[in-house]
Amino acid sequence: MQVTLKVYRYNPEKDKKPHYDTFTLEADPTERVLDLMERIKGLQDGTLTFRRSCAHGVCGSDAMRINGVNRLACKTLVQDVGKKITVEPILGLPVIKDMIVDMEPFFENYRSVMPYFVNNDPPPNGERLQSPEERERFDDTTKCILCAACTTSCPSFWANGKYVGPSAIVNAHRFIFDSRDQAAKERLEILAGQFGVYRCRTIFNCTLACPREIQITKAIGEIKEAIATGNLD
Amino acid sequence: MQARRIPKILSFESIMWLFMRISGLAMYVFALTGLTIALIMGARTQMDMGTLLRWTFFPIGTHVTSSDILVLEQWINPFWTIMQYLTIVFATMHGTNGLRMVLEDYMDAGWGVHVLRGLLLIIWLFMLLVAFNLIQTTGAV
Ligand code: SF4
Ligand code: FES
């Protein structure tokens, strides 16, 4: 079938303002939007710029707005979005070129919540053990691939980039509820601050956007509960 | 498996988050109390709709004197004075904090935010002052 792909274009060296280019190409309904973009870049316009790496929904580099919705181009089939496809960069981060945005503000927020394992006890012989139930507690939030689809679909983040955003909260959640970790208090103190979880207005855009189907708004709710009760179970 | 616990965290944001929920619910309770009791006290036949609604949202005697109600004892007493204070404090705090949140949604943490936050605080205190004065001079027994 014939598909038209309308693509957001911005080249800071040439363009004063962004514009859209439209490409027409043959495509199978089961092809992915990323395949079409690869084909355009290879055969029609080599200057088209976007990030991709794994092409299988694992690395999180190709989050973009496809027909107005944040998705991974490598996980979006043509048949799911129709014959007329519009592709734009994710919102709320400065565009560097075409689909490529400056992810630094996003990662700065990510780093601010201590997204790493903290345990100051001397390591035991072998592993730090944990029961299957304890592991299950934070299983959902281990699935994050830092694609930024959630954070850049969040109106609170659009309005103020200082808000740490859903992705950072998800990654804090992953360690806060890990029975082996010891820095839950520090993380919760950060998240109880001015730019933490209380900027969330439960709009649910993040949960809808997440390509890993993480229950993000639920995770944010659990963190609010942990702040209020001190209970980490 | 032993329970993992940390001390509860009380930050300004977490307290205000809780306050917004409680005051939001409380305002329903206040309004419904005012409305129900007013209907029982005779508003159904002796008050027009506008007056009844003004009373519902702020149960002060001055709203009643313009109606057909002649005996004011039930309408002006310490119970309603307390309701007036509670309504005013909860409503203005709820509203002002809402404005503060809107402000901080859109502004980075710079001196500008501090100035506007201070301004909001002054406006809030001014509203309280005017309302308390009104209650003292016309509403209280
Ligand atoms: S939570 Fe989901 S949408 Fe957000 S960064 Fe992680 S994988 Fe992407
Ligand atoms: S290219 Fe790796 S997630 Fe899409």
# chains A, B, ... in the order shown; residues from 1 in each chain; ligands from 1
>>> residues_near_ligand(ligand="ligand 1", cutoff="7 Å", atoms="only C-alpha atoms and all ligand atoms", output="list in words")
Gly60, Lys143, Cys144, Ile145, Leu146, Cys147, Ala148, Ala149, Cys150, Thr151, Pro166, Ser167, Val170, Cys206, Ala209, Cys210, Pro211, Arg212, Glu213, Ile214 and Ile216 of chain A
>>> write_last_selection(atoms="C-alpha atoms", output="PDB file, in the first residue's frame")
ATOM      1  CA  GLY A  60      14.792   3.396  23.970  1.00  0.00           C
ATOM      2  CA  LYS A 143      11.302  -2.557  32.735  1.00  0.00           C
ATOM      3  CA  CYS A 144      12.087   1.089  31.990  1.00  0.00           C
ATOM      4  CA  ILE A 145      14.329   1.717  28.978  1.00  0.00           C
ATOM      5  CA  LEU A 146      14.666   5.486  29.520  1.00  0.00           C
ATOM      6  CA  CYS A 147      13.054   6.334  26.206  1.00  0.00           C
ATOM      7  CA  ALA A 148      11.514   9.540  27.666  1.00  0.00           C
ATOM      8  CA  ALA A 149       8.133   8.894  26.032  1.00  0.00           C
ATOM      9  CA  CYS A 150       6.426   9.335  29.402  1.00  0.00           C
ATOM     10  CA  THR A 151       8.189  12.460  30.624  1.00  0.00           C
ATOM     11  CA  PRO A 166       7.529  10.304  35.436  1.00  0.00           C
ATOM     12  CA  SER A 167      10.592   8.512  34.117  1.00  0.00           C
ATOM     13  CA  VAL A 170       9.810   5.233  37.888  1.00  0.00           C
ATOM     14  CA  CYS A 206       2.747   8.839  30.936  1.00  0.00           C
ATOM     15  CA  ALA A 209       2.707   6.598  26.412  1.00  0.00           C
ATOM     16  CA  CYS A 210       4.985   3.991  27.969  1.00  0.00           C
ATOM     17  CA  PRO A 211       6.043   1.422  25.349  1.00  0.00           C
ATOM     18  CA  ARG A 212       6.888  -1.016  28.151  1.00  0.00           C
ATOM     19  CA  GLU A 213       3.397  -0.712  29.601  1.00  0.00           C
ATOM     20  CA  ILE A 214       4.711   0.253  33.006  1.00  0.00           C
ATOM     21  CA  ILE A 216       3.615   4.715  35.931  1.00  0.00           C
TER      22      ILE A 216
END
>>> interface_residues(of="chain B", to="chain A", cutoff="12 Å", atoms="only C-alpha atoms", output="PyMOL selection string")
chain B and resi 1-18+20+98+100-110
>>> atom_distance(atom1="atom CA of Pro12 of chain A", atom2="atom CA of Ile96 of chain A")
7.2 Å
>>> residues_near_ligand(ligand="ligand 2", cutoff="8 Å", atoms="only C-alpha atoms and all ligand atoms", output="list in words")
Leu34, Arg51, Arg52, Ser53, Cys54, Ala55, His56, Gly57, Val58, Cys59, Gly60, Ser61, Asp62, Ala63, Leu72, Ala73, Cys74, Lys75, Ile145 and Cys147 of chain A
>>> residues_around(residues="Trp124 of chain B", least_positions_apart="3", cutoff="10 Å", atoms="only C-alpha atoms", output="list in words")
Val89, Thr92, Met93, Gly95, Thr96, Asn97, Gly118, Leu119, Leu120, Leu121, Met127, Leu128 and Leu129 of chain B
>>> residues_around(residues="Val87 of chain A", least_positions_apart="4", cutoff="6 Å", atoms="only C-alpha atoms", output="number ranges by chain")
A: 7, 65-66
>>> select_by_dssp(residues="segment 11-120 of chain B", states="helix (DSSP H, G or I)", output="MDAnalysis selection string")
chainID B and resid 12:46 49:57 62:65 78:106 111:120
>>> closest_residue(among="B:Ile22, B:Met41, B:Leu35, B:Leu70", to="Leu53 of chain B", atoms="only C-alpha atoms")
B:Leu35
>>> closest_residue(among="A:Pro124, A:Gly165, A:Pro18, A:Pro29", to="Gly92 of chain A", atoms="only C-alpha atoms")
A:Gly165
>>> atom_distance(atom1="atom CA of Asp48 of chain B", atom2="atom CA of Asp68 of chain B")
8.8 Å
>>> closest_residue(among="A:Asn171, A:Thr217, A:Gln2, A:Thr24", to="Phe107 of chain A", atoms="only C-alpha atoms")
A:Asn171
>>> closest_residue(among="A:Lys17, A:Lys6, A:His173, A:Arg71", to="Tyr116 of chain A", atoms="only C-alpha atoms")
A:His173
>>> atom_distance(atom1="atom CA of Ala43 of chain B", atom2="atom CA of Ile135 of chain B")
21.5 Å
